[in-house]
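Dumped final.cif below, it's mmCIF, C-alpha atoms:
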```
data_data
#
loop_
_atom_site.label_atom_id
_atom_site.label_comp_id
_atom_site.auth_asym_id
_atom_site.auth_seq_id
_atom_site.Cartn_x
_atom_site.Cartn_y
_atom_site.Cartn_z
CA MET A 703 17.54 34.75 14.72
CA GLN A 704 18.32 35.90 11.21
CA GLU A 705 17.67 39.58 10.61
CA ARG A 706 15.06 40.46 8.05
CA SER A 707 16.57 41.98 4.91
CA ALA A 708 15.63 45.53 3.98
CA GLU A 709 12.75 46.01 1.58
CA LYS A 710 13.71 47.15 -1.91
CA ILE A 711 12.48 50.25 -3.71
CA LEU A 712 12.96 50.79 -7.45
CA ILE A 713 12.80 54.42 -8.67
CA ILE A 714 12.21 55.01 -12.39
CA ASP A 715 12.58 58.70 -13.23
CA ASP A 716 14.47 60.64 -15.89
CA SER A 717 15.28 63.46 -13.46
CA ILE A 718 18.57 62.95 -11.60
CA GLU A 719 17.57 65.71 -9.20
CA HIS A 720 14.36 63.94 -8.20
CA ILE A 721 16.16 60.59 -7.94
CA LYS A 722 18.68 62.12 -5.52
CA ILE A 723 15.90 63.59 -3.39
CA LEU A 724 14.14 60.23 -3.13
CA ILE A 725 17.35 58.36 -2.38
CA ASN A 726 18.17 60.78 0.44
CA LEU A 727 14.67 60.27 1.87
CA LEU A 728 14.64 56.49 1.64
CA GLU A 729 18.17 55.04 1.73
CA ASP A 730 18.26 54.78 5.54
CA LEU A 731 15.06 52.71 5.53
CA TYR A 732 15.24 50.62 2.35
CA ASP A 733 17.55 49.27 -0.32
CA VAL A 734 17.06 51.78 -3.11
CA TYR A 735 17.69 51.20 -6.82
CA PHE A 736 17.08 53.63 -9.67
CA ALA A 737 16.73 53.78 -13.43
CA LYS A 738 16.83 56.92 -15.59
CA SER A 739 14.46 55.67 -18.29
CA GLY A 740 11.51 53.36 -18.72
CA GLU A 741 13.54 50.87 -20.73
CA GLN A 742 16.28 50.74 -18.11
CA GLY A 743 13.65 50.35 -15.39
CA LEU A 744 12.14 47.32 -17.12
CA GLU A 745 15.62 45.78 -17.41
CA LEU A 746 16.30 46.36 -13.69
CA LEU A 747 13.00 44.85 -12.63
CA ALA A 748 14.07 41.21 -12.70
CA ALA A 749 17.53 41.97 -11.29
CA THR A 750 16.27 43.90 -8.27
CA ASN A 751 12.91 42.18 -7.62
CA PRO A 752 11.59 45.30 -5.85
CA ASP A 753 8.98 45.35 -3.11
CA LEU A 754 7.66 48.71 -4.37
CA ILE A 755 8.12 50.82 -7.51
CA LEU A 756 8.15 54.62 -7.75
CA LEU A 757 7.47 55.56 -11.37
CA ASP A 758 7.59 58.96 -13.06
CA ILE A 759 4.87 59.68 -15.62
CA VAL A 760 6.60 62.13 -17.98
CA MET A 761 9.73 60.56 -19.48
CA PRO A 762 11.18 60.62 -23.01
CA ASP A 763 10.85 57.62 -25.36
CA MET A 764 8.57 55.66 -23.03
CA ASP A 765 6.25 57.41 -20.56
CA GLY A 766 5.29 56.04 -17.16
CA PHE A 767 1.89 54.81 -18.33
CA GLU A 768 3.50 52.52 -20.91
CA VAL A 769 6.08 51.30 -18.38
CA CYS A 770 3.27 50.53 -15.92
CA ARG A 771 1.29 48.67 -18.58
CA ARG A 772 4.30 46.49 -19.43
CA ILE A 773 5.08 45.79 -15.77
CA LYS A 774 1.52 44.72 -15.01
CA GLN A 775 1.49 42.38 -18.02
CA HIS A 776 3.78 40.03 -16.08
CA ASP A 777 2.17 37.80 -13.44
CA LYS A 778 5.20 38.18 -11.18
CA TRP A 779 4.80 41.97 -10.91
CA GLN A 780 1.03 42.32 -10.95
CA GLU A 781 0.83 42.57 -7.17
CA THR A 782 3.96 44.67 -6.69
CA PRO A 783 2.85 48.10 -5.36
CA LEU A 784 3.47 50.82 -7.97
CA ILE A 785 3.20 54.52 -7.10
CA PHE A 786 3.21 57.18 -9.80
CA ILE A 787 5.27 60.32 -9.20
CA SER A 788 4.84 63.38 -11.40
CA ALA A 789 4.87 67.16 -11.47
CA GLN A 790 1.59 67.01 -13.34
CA GLY A 791 -1.45 67.31 -11.13
CA GLU A 792 -4.28 66.65 -13.54
CA ASP A 793 -7.03 64.34 -12.31
CA ASN A 794 -7.13 62.35 -15.54
CA ASP A 795 -3.44 61.40 -15.09
CA GLU A 796 -4.17 60.00 -11.65
CA THR A 797 -7.25 58.13 -12.88
CA LYS A 798 -5.40 56.66 -15.84
CA GLY A 799 -2.56 55.51 -13.59
CA LEU A 800 -4.92 53.79 -11.16
CA ASP A 801 -6.75 52.11 -14.04
CA LEU A 802 -3.43 50.70 -15.27
CA GLY A 803 -2.71 49.08 -11.90
CA ALA A 804 -0.97 51.76 -9.82
CA ILE A 805 -2.01 51.94 -6.16
CA ASP A 806 -1.20 55.58 -5.41
CA TYR A 807 0.02 58.89 -6.79
CA ILE A 808 2.59 61.31 -5.31
CA ALA A 809 2.91 64.81 -6.74
CA LYS A 810 6.13 66.77 -7.16
CA PRO A 811 7.62 68.69 -5.40
CA PHE A 812 7.86 65.99 -2.75
CA ASN A 813 6.61 66.32 0.79
CA PRO A 814 9.09 64.09 2.68
CA ALA A 815 6.64 63.04 5.40
CA ILE A 816 3.95 62.10 2.87
CA VAL A 817 6.40 60.16 0.67
CA LYS A 818 7.66 58.11 3.62
CA ALA A 819 4.19 57.53 5.07
CA ARG A 820 2.66 56.34 1.81
CA ILE A 821 5.53 54.00 1.02
CA ARG A 822 5.49 52.59 4.55
CA ASN A 823 1.71 52.07 4.49
CA HIS A 824 1.72 50.30 1.13
CA LEU A 825 4.61 48.03 2.12
CA GLN A 826 2.84 47.12 5.36
CA LEU A 827 -0.35 46.37 3.44
CA ARG A 828 1.58 44.22 0.96
CA ALA A 829 3.20 42.27 3.82
CA ALA A 830 -0.19 41.75 5.49
CA MET A 831 -1.77 40.51 2.27
CA SER A 832 1.15 38.17 1.67
CA GLU A 833 0.77 36.70 5.17
CA LEU A 834 -2.98 36.22 4.66
CA LYS A 835 -2.32 34.34 1.42
CA ARG A 836 0.28 32.19 3.16
CA LEU A 837 -2.13 31.33 5.97
CA TYR A 838 -4.91 30.61 3.48
CA THR A 839 -2.66 28.25 1.53
CA LEU A 840 -1.67 26.47 4.74
CA ALA A 841 -5.32 26.17 5.75
CA LEU A 842 -6.20 24.54 2.41
CA ASP A 843 -3.32 22.08 2.79
CA ALA A 844 -3.73 21.45 6.52
CA ASN A 845 -4.47 17.98 7.82
CA PRO A 846 -8.05 18.07 9.19
CA LEU A 847 -7.17 15.92 12.21
CA THR A 848 -4.17 17.86 13.54
CA GLY A 849 -4.39 21.19 11.71
CA LEU A 850 -0.72 20.80 10.75
CA PRO A 851 0.53 21.57 7.21
CA GLY A 852 0.17 18.70 4.77
CA ASN A 853 2.29 17.23 1.99
CA ASN A 854 2.25 20.24 -0.35
CA SER A 855 3.54 22.52 2.39
CA ILE A 856 6.10 19.93 3.51
CA ALA A 857 7.47 19.59 -0.03
CA LYS A 858 7.61 23.36 -0.51
CA HIS A 859 9.36 23.91 2.80
CA ILE A 860 12.04 21.28 2.11
CA GLU A 861 12.62 22.58 -1.42
CA GLU A 862 13.11 26.08 -0.02
CA LYS A 863 15.68 24.75 2.46
CA LEU A 864 17.52 22.94 -0.34
CA GLN A 865 17.62 26.02 -2.56
CA ALA A 866 18.92 28.10 0.34
CA LYS A 867 21.56 25.40 1.05
CA ASP A 868 20.27 25.34 4.61
CA SER A 869 21.86 23.02 7.19
CA SER A 870 18.61 22.11 8.96
CA SER A 871 17.74 18.59 10.04
CA VAL A 872 14.70 16.79 8.67
CA ILE A 873 13.09 14.50 11.25
CA TYR A 874 10.60 11.81 10.19
CA THR A 875 8.49 10.14 12.91
CA ASP A 876 6.35 7.01 12.66
CA ILE A 877 4.44 5.16 15.40
CA ASP A 878 5.20 1.47 15.88
CA ASN A 879 2.30 -0.99 16.41
CA PHE A 880 -0.24 1.73 15.68
CA LYS A 881 -2.35 -0.50 13.41
CA ALA A 882 -2.79 -3.11 16.14
CA TYR A 883 -3.98 -0.41 18.53
CA ASN A 884 -6.32 1.02 15.89
CA ASP A 885 -7.79 -2.41 15.17
CA LYS A 886 -8.50 -3.16 18.83
CA TYR A 887 -9.50 0.24 20.21
CA GLY A 888 -11.12 1.77 17.12
CA PHE A 889 -10.42 4.71 14.82
CA ALA A 890 -11.63 7.34 17.27
CA ARG A 891 -9.07 6.25 19.86
CA GLY A 892 -6.48 6.00 17.11
CA ASP A 893 -7.16 9.62 16.20
CA GLU A 894 -6.45 10.53 19.81
CA ILE A 895 -3.00 8.93 19.48
CA ILE A 896 -2.28 10.95 16.33
CA ARG A 897 -3.32 14.22 18.01
CA PHE A 898 -1.28 13.25 21.08
CA THR A 899 1.82 12.71 18.92
CA ALA A 900 1.33 16.01 17.10
CA GLY A 901 1.10 17.75 20.48
CA ILE A 902 4.37 16.20 21.64
CA LEU A 903 6.17 17.38 18.51
CA LYS A 904 4.88 20.93 18.89
CA LEU A 905 5.67 21.15 22.61
CA THR A 906 9.15 19.71 22.11
CA ALA A 907 9.98 22.23 19.37
CA GLU A 908 8.73 25.06 21.59
CA LYS A 909 10.73 23.82 24.58
CA ALA A 910 13.88 23.59 22.48
CA GLY A 911 13.37 27.17 21.30
CA CYS A 912 13.93 26.17 17.69
CA PRO A 913 13.83 29.29 15.49
CA GLY A 914 11.96 28.74 12.25
CA SER A 915 10.99 25.16 13.10
CA PHE A 916 8.39 23.45 10.91
CA ILE A 917 6.08 20.54 11.72
CA GLY A 918 4.03 18.84 9.03
CA HIS A 919 1.59 15.91 9.00
CA VAL A 920 2.41 13.51 6.17
CA GLY A 921 -0.74 11.50 6.89
CA GLY A 922 -1.84 8.73 9.22
CA ASP A 923 0.68 8.46 12.06
CA ASP A 924 3.62 9.94 10.08
CA PHE A 925 5.02 13.41 10.75
CA ILE A 926 7.87 15.57 9.46
CA MET A 927 9.84 18.12 11.48
CA ILE A 928 12.41 20.56 10.10
CA ILE A 929 14.60 22.07 12.80
CA PRO A 930 18.07 23.62 13.15
CA ALA A 931 20.65 20.83 13.17
CA GLU A 932 22.07 21.86 16.54
CA HIS A 933 18.71 21.11 18.22
CA CYS A 934 18.33 17.65 16.70
CA LEU A 935 19.69 15.56 19.60
CA PHE A 936 17.65 17.33 22.28
CA VAL A 937 14.45 17.28 20.22
CA THR A 938 14.57 13.59 19.28
CA GLU A 939 15.46 12.48 22.82
CA ASP A 940 12.68 14.63 24.27
CA ILE A 941 10.12 13.24 21.82
CA ILE A 942 10.98 9.66 22.81
CA ARG A 943 11.01 10.47 26.52
CA ASN A 944 7.57 12.10 26.44
CA PHE A 945 6.02 9.56 24.08
CA ASP A 946 7.19 6.54 26.08
CA ARG A 947 6.11 8.11 29.37
CA ASP A 948 2.54 8.99 28.33
CA ILE A 949 1.51 6.48 25.65
CA ILE A 950 0.59 3.85 28.23
CA THR A 951 -2.28 6.05 29.47
CA PHE A 952 -4.18 5.31 26.24
CA TYR A 953 -4.48 1.57 27.02
CA ASN A 954 -7.00 -0.22 29.22
CA ARG A 955 -5.94 -1.70 32.54
CA GLN A 956 -5.43 -5.24 31.26
CA ASP A 957 -3.18 -4.19 28.36
CA THR A 958 -1.32 -1.81 30.64
CA GLU A 959 -0.50 -4.57 33.08
CA ARG A 960 0.56 -6.98 30.33
CA ARG A 961 2.44 -4.18 28.46
CA CYS A 962 1.09 -5.58 25.22
CA ILE A 963 -2.01 -6.25 23.11
CA HIS A 964 -3.23 -9.79 22.42
CA ALA A 965 -4.91 -9.84 19.01
CA THR A 966 -5.33 -11.93 15.88
CA ASP A 967 -3.92 -11.21 12.46
CA ARG A 968 -5.84 -11.37 9.16
CA ARG A 969 -5.41 -15.14 9.05
CA GLY A 970 -6.92 -15.54 12.48
CA GLN A 971 -3.60 -16.39 14.08
CA PRO A 972 -2.96 -15.06 17.60
CA GLN A 973 -0.43 -12.26 17.79
CA ILE A 974 1.14 -10.24 20.56
CA PHE A 975 1.83 -6.58 19.85
CA PRO A 976 3.98 -4.50 22.23
CA ILE A 977 2.89 -1.13 23.57
CA MET A 978 3.27 1.55 20.89
CA SER A 979 6.67 3.16 20.49
CA ILE A 980 7.97 5.81 18.10
CA SER A 981 10.58 5.39 15.37
CA ILE A 982 12.47 8.51 14.35
CA ALA A 983 14.60 8.97 11.24
CA GLY A 984 16.82 11.99 10.73
CA ILE A 985 18.97 13.52 8.01
CA ASP A 986 21.12 16.65 7.94
CA LEU A 987 20.58 18.72 4.81
CA GLY A 988 24.03 20.23 5.23
CA SER A 989 25.93 16.92 5.29
CA ARG A 990 24.96 15.54 1.90
CA ARG A 991 23.91 17.01 -1.43
CA TYR A 992 20.19 16.49 -1.91
CA SER A 993 18.92 17.78 -5.22
CA SER A 994 15.20 17.44 -4.57
CA TYR A 995 12.45 16.84 -2.06
CA LEU A 996 12.13 13.26 -3.32
CA GLU A 997 15.78 12.52 -2.52
CA VAL A 998 15.22 13.82 1.00
CA THR A 999 12.14 11.65 1.54
CA ASP A 1000 13.97 8.61 0.15
CA ALA A 1001 16.80 9.15 2.65
CA CYS A 1002 14.27 9.55 5.48
CA ALA A 1003 12.51 6.35 4.42
CA GLU A 1004 15.84 4.47 4.49
CA MET A 1005 16.57 5.63 8.03
CA LYS A 1006 12.99 4.92 9.11
CA ARG A 1007 13.28 1.28 7.99
CA LEU A 1008 16.36 0.90 10.17
CA ALA A 1009 14.63 2.53 13.14
CA LYS A 1010 11.52 0.35 12.83
CA ALA A 1011 13.65 -2.80 12.67
CA THR A 1012 14.83 -2.05 16.22
CA PRO A 1013 12.37 -2.81 19.07
CA GLY A 1014 11.10 0.15 21.10
CA SER A 1015 11.44 3.85 20.48
CA THR A 1016 14.53 4.47 18.39
CA VAL A 1017 16.36 7.22 16.50
CA TYR A 1018 18.39 6.51 13.37
CA PHE A 1019 20.28 9.51 12.06
CA ASP A 1020 22.07 9.46 8.71
CA GLN A 1021 25.61 10.54 9.51
CA ARG A 1022 27.05 9.83 6.08
CA LYS A 1023 28.70 12.78 4.39
CA ASP A 1024 29.46 13.49 0.76
CA GLN A 1025 33.08 13.04 -0.19
CA GLN A 1026 34.80 16.32 -0.85
#
```

Could you write out this file's structure as structure tokens?
Amino acid sequence: MQERSAEKILIIDDSIEHIKILINLLEDLYDVYFAKSGEQGLELLAATNPDLILLDIVMPDMDGFEVCRRIKQHDKWQETPLIFISAQGEDNDETKGLDLGAIDYIAKPFNPAIVKARIRNHLQLRAAMSELKRLYTLALDANPLTGLPGNNSIAKHIEEKLQAKDSSSVIYTDIDNFKAYNDKYGFARGDEIIRFTAGILKLTAEKAGCPGSFIGHVGGDDFIMIIPAEHCLFVTEDIIRNFDRDIITFYNRQDTERRCIHATDRRGQPQIFPIMSISIAGIDLGSRRYSSYLEVTDACAEMKRLAKATPGSTVYFDQRKDQQ
């Protein structure tokens, strides 16, 4: 599992002495950056993308209040925790700082335990709030039938993998002969099949021990999985094995014995539909250069057409590579 990178602290203070003190306190816990003026601090902001800012109030040319005001003008930094540090201890300074968007105030000279505790607490709070927002966004996008992330989350997740030049595999699954089953057994029973399939995907990913795996519900009977490439073979084979073993339990006795459904098409012509199977398409993000989420879905759709053209549960994996 990839180690989490250290959180970043940006110190903006005109006192080299105070900067050295803070660096000595924090460098073993965080990645620490510093600026010796408000202007330099604003320039470093985009380059460092800090998780927390320590900002002195009294500085020449541009004081901390003005620096804070400018930082909070930008949407990107509005929620970045900002703590004022100053030798001044007047109540109106603290009030003014909080009104401008700061979340705390640390007085000089520094108490090491208090400095560390306040920074730790605010970073933990920021992480908790970020996770709550992530979960809320997922809940809004979640498919109501399976509770899995929907298309917005799928697109975002794939785009993130592309930007990171990740070598994960994208797996697209689609149920064969699902419409015939839905038409004969009804939508309620069809929903059971969709939930059953979602359960297989989740259990298979858990059994494979895939770190950072993602499962999304495109809609209907279509699902997307994003897993480490090295787990692709095991996962796809396990999905087919479990689906083919258990899908028959959703049919009545007559259809089970015949291993098919006798039905009529829209023109009233008799048709025979085999027991449902699952078609799986796969692509490796590390093998070819995909520039966008749409290119990835197009490649998945191409592989899915090949898989669905083959009777029974099938996997088609795009093994083409870009020419060097």

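Among the candidates A:Val769, A:Ile711, A:Thr750, A:Tyr953, the one nearest to Gly892 (chain A) when counting only C-alpha atoms is A:Tyr953.
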
Could you write out as a PyMOL selection string the residues that the PyMOL selection byres ((chain A and resi 1015-1019) around 10) matches in the shown file?
-> chain A and resi 871-878+934-935+938-939+941-943+945-946+978-986+1002+1004-1014+1020-1022

Residues of the last selection are to be written out with C-alpha atoms, as an mmCIF file, keeping the file's coordinate frame.
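Done, and the output landed in result_29.cif:
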```
data_model
loop_
_atom_site.group_PDB
_atom_site.id
_atom_site.type_symbol
_atom_site.label_atom_id
_atom_site.label_comp_id
_atom_site.auth_asym_id
_atom_site.auth_seq_id
_atom_site.Cartn_x
_atom_site.Cartn_y
_atom_site.Cartn_z
ATOM 1 C CA SER A 871 17.740 18.590 10.040
ATOM 2 C CA VAL A 872 14.700 16.790 8.670
ATOM 3 C CA ILE A 873 13.090 14.500 11.250
ATOM 4 C CA TYR A 874 10.600 11.810 10.190
ATOM 5 C CA THR A 875 8.490 10.140 12.910
ATOM 6 C CA ASP A 876 6.350 7.010 12.660
ATOM 7 C CA ILE A 877 4.440 5.160 15.400
ATOM 8 C CA ASP A 878 5.200 1.470 15.880
ATOM 9 C CA CYS A 934 18.330 17.650 16.700
ATOM 10 C CA LEU A 935 19.690 15.560 19.600
ATOM 11 C CA THR A 938 14.570 13.590 19.280
ATOM 12 C CA GLU A 939 15.460 12.480 22.820
ATOM 13 C CA ILE A 941 10.120 13.240 21.820
ATOM 14 C CA ILE A 942 10.980 9.660 22.810
ATOM 15 C CA ARG A 943 11.010 10.470 26.520
ATOM 16 C CA PHE A 945 6.020 9.560 24.080
ATOM 17 C CA ASP A 946 7.190 6.540 26.080
ATOM 18 C CA MET A 978 3.270 1.550 20.890
ATOM 19 C CA SER A 979 6.670 3.160 20.490
ATOM 20 C CA ILE A 980 7.970 5.810 18.100
ATOM 21 C CA SER A 981 10.580 5.390 15.370
ATOM 22 C CA ILE A 982 12.470 8.510 14.350
ATOM 23 C CA ALA A 983 14.600 8.970 11.240
ATOM 24 C CA GLY A 984 16.820 11.990 10.730
ATOM 25 C CA ILE A 985 18.970 13.520 8.010
ATOM 26 C CA ASP A 986 21.120 16.650 7.940
ATOM 27 C CA CYS A 1002 14.270 9.550 5.480
ATOM 28 C CA GLU A 1004 15.840 4.470 4.490
ATOM 29 C CA MET A 1005 16.570 5.630 8.030
ATOM 30 C CA LYS A 1006 12.990 4.920 9.110
ATOM 31 C CA ARG A 1007 13.280 1.280 7.990
ATOM 32 C CA LEU A 1008 16.360 0.900 10.170
ATOM 33 C CA ALA A 1009 14.630 2.530 13.140
ATOM 34 C CA LYS A 1010 11.520 0.350 12.830
ATOM 35 C CA ALA A 1011 13.650 -2.800 12.670
ATOM 36 C CA THR A 1012 14.830 -2.050 16.220
ATOM 37 C CA PRO A 1013 12.370 -2.810 19.070
ATOM 38 C CA GLY A 1014 11.100 0.150 21.100
ATOM 39 C CA ASP A 1020 22.070 9.460 8.710
ATOM 40 C CA GLN A 1021 25.610 10.540 9.510
ATOM 41 C CA ARG A 1022 27.050 9.830 6.080
#
```

Could you state which residues are captured by the PyMOL selection byres ((chain A and resi 785) around 12) in this file, as a ChimeraX atom specification?
-> /A:711-715,753-759,766-767,770,782-784,786-788,796,799-800,802-809,817,820-821,823-825

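The smallest atom-to-atom distance between Asn813 (chain A) and any of A:Ser915, A:Leu724, A:Gly740, A:Phe936, using all atoms listed in the file, is found for A:Leu724.
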
Test item: the PyMOL selection byres ((chain A and resi 843) around 12) resolved as a list in words =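 That selection, the PyMOL selection byres ((chain A and resi 843) around 12), comes back as Arg836, Leu837, Tyr838, Thr839, Leu840, Ala841, Leu842, Ala844, Asn845, Pro846, Leu847, Thr848, Gly849, Leu850, Pro851, Gly852, Asn853, Asn854, Ser855, Ile856, Ala857, Lys858, Gly918, His919, Val920 and Gly921 of chain A.
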
Mind writing the picked residues with C-alpha atoms as a PDB file, keeping the file's coordinate frame?
```pdb
ATOM      1  CA  ARG A 836       0.280  32.190   3.160  1.00  0.00           C
ATOM      2  CA  LEU A 837      -2.130  31.330   5.970  1.00  0.00           C
ATOM      3  CA  TYR A 838      -4.910  30.610   3.480  1.00  0.00           C
ATOM      4  CA  THR A 839      -2.660  28.250   1.530  1.00  0.00           C
ATOM      5  CA  LEU A 840      -1.670  26.470   4.740  1.00  0.00           C
ATOM      6  CA  ALA A 841      -5.320  26.170   5.750  1.00  0.00           C
ATOM      7  CA  LEU A 842      -6.200  24.540   2.410  1.00  0.00           C
ATOM      8  CA  ALA A 844      -3.730  21.450   6.520  1.00  0.00           C
ATOM      9  CA  ASN A 845      -4.470  17.980   7.820  1.00  0.00           C
ATOM     10  CA  PRO A 846      -8.050  18.070   9.190  1.00  0.00           C
ATOM     11  CA  LEU A 847      -7.170  15.920  12.210  1.00  0.00           C
ATOM     12  CA  THR A 848      -4.170  17.860  13.540  1.00  0.00           C
ATOM     13  CA  GLY A 849      -4.390  21.190  11.710  1.00  0.00           C
ATOM     14  CA  LEU A 850      -0.720  20.800  10.750  1.00  0.00           C
ATOM     15  CA  PRO A 851       0.530  21.570   7.210  1.00  0.00           C
ATOM     16  CA  GLY A 852       0.170  18.700   4.770  1.00  0.00           C
ATOM     17  CA  ASN A 853       2.290  17.230   1.990  1.00  0.00           C
ATOM     18  CA  ASN A 854       2.250  20.240  -0.350  1.00  0.00           C
ATOM     19  CA  SER A 855       3.540  22.520   2.390  1.00  0.00           C
ATOM     20  CA  ILE A 856       6.100  19.930   3.510  1.00  0.00           C
ATOM     21  CA  ALA A 857       7.470  19.590  -0.030  1.00  0.00           C
ATOM     22  CA  LYS A 858       7.610  23.360  -0.510  1.00  0.00           C
ATOM     23  CA  GLY A 918       4.030  18.840   9.030  1.00  0.00           C
ATOM     24  CA  HIS A 919       1.590  15.910   9.000  1.00  0.00           C
ATOM     25  CA  VAL A 920       2.410  13.510   6.170  1.00  0.00           C
ATOM     26  CA  GLY A 921      -0.740  11.500   6.890  1.00  0.00           C
TER      27      GLY A 921
END
```

Find the spatial neighbours of Ser739 (chain A), counting all atoms listed in the file, within a cut-off of 9 Å - ignore same-chain residues fewer than 6 positions away - and output them as a VMD selection string.
-> chain A and resid 714 to 716 761 to 765

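Interatomic distance, CA of Asn751 (chain A) against CA of Leu728 (chain A): 17.1 Å.
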
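When CA of Lys818 (chain A) is paired with CA of Glu781 (chain A), their separation reads 20.1 Å.
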
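In this structure, CA of Lys904 (chain A) sits 26.2 Å away from CA of Ala829 (chain A).
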
Out of A:Leu987, A:Val734, A:Ile721, A:Ile929, which residue has the shortest atom-to-atom distance to Gln865 (chain A) when counting all atoms listed in the file?
->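 Residue with the minimum atom-to-atom distance to Gln865 (chain A): A:Leu987.
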
Dump as a Markdown table the rows for residues of region 828-914 of chain A within 12 Å of region 971-974 of chain A: closest atom pair and distance in Å with one decimal, all atoms listed in the file counted, ordered by chain and rising residue number.
```
| residue | atom | partner | partner_atom | distance |
| --- | --- | --- | --- | --- |
| A:Asn879 | CA | A:Ile974 | CA | 10.2 |
| A:Ala882 | CA | A:Ile974 | CA | 9.3 |
| A:Tyr883 | CA | A:Ile974 | CA | 11.3 |
```

Write the residues you've just listed into a file as a PDB file, in the frame of the given file, and include C-alpha atoms for each of them.
```
ATOM      1  CA  ASN A 879       2.300  -0.990  16.410  1.00  0.00           C
ATOM      2  CA  ALA A 882      -2.790  -3.110  16.140  1.00  0.00           C
ATOM      3  CA  TYR A 883      -3.980  -0.410  18.530  1.00  0.00           C
TER       4      TYR A 883
END
```

Find, counting all atoms listed in the file, the residue in A:Asp868, A:Ala1001, A:Ile773, A:Val937 that gets nearest to Leu746 (chain A).
->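 The closest residue to Leu746 (chain A) is A:Ile773.
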
Find the axis-aligned box for region 810-816 of chain A, covering all its listed atoms and adding 5 Å on each side, and write its centre and edge lengths in Å to one decimal as JSON.
```
{"center_x": 6.5, "center_y": 65.4, "center_z": -0.9, "size_x": 15.1, "size_y": 16.6, "size_z": 22.6}
```

Residue neighbourhood Phe952 (chain A), 10 Å, only C-alpha atoms, exclusion window fewer than 2 positions, as a ChimeraX atom specification = /A:883,887,891-892,894-895,898,948-950,954-955,957-958,977-978

Between A:Ile928, A:Glu861, A:Arg947, A:Ala749, which is the closest to Ser994 (chain A) once you count only C-alpha atoms?
-> A:Glu861

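Compared by their closest atoms to Phe812 (chain A), and using all atoms listed in the file, the residues A:Ile723, A:Ala830, A:Cys962, A:Val760 rank with A:Ile723 nearest.
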
Would you kindly return, as a PyMOL selection string, each protein, DNA or RNA residue with an atom no farther than 9 Å from any atom of Lys867 (chain A), considering all atoms listed in the file and excluding same-chain residues fewer than 4 positions away?
-> chain A and resi 862-863+987-988
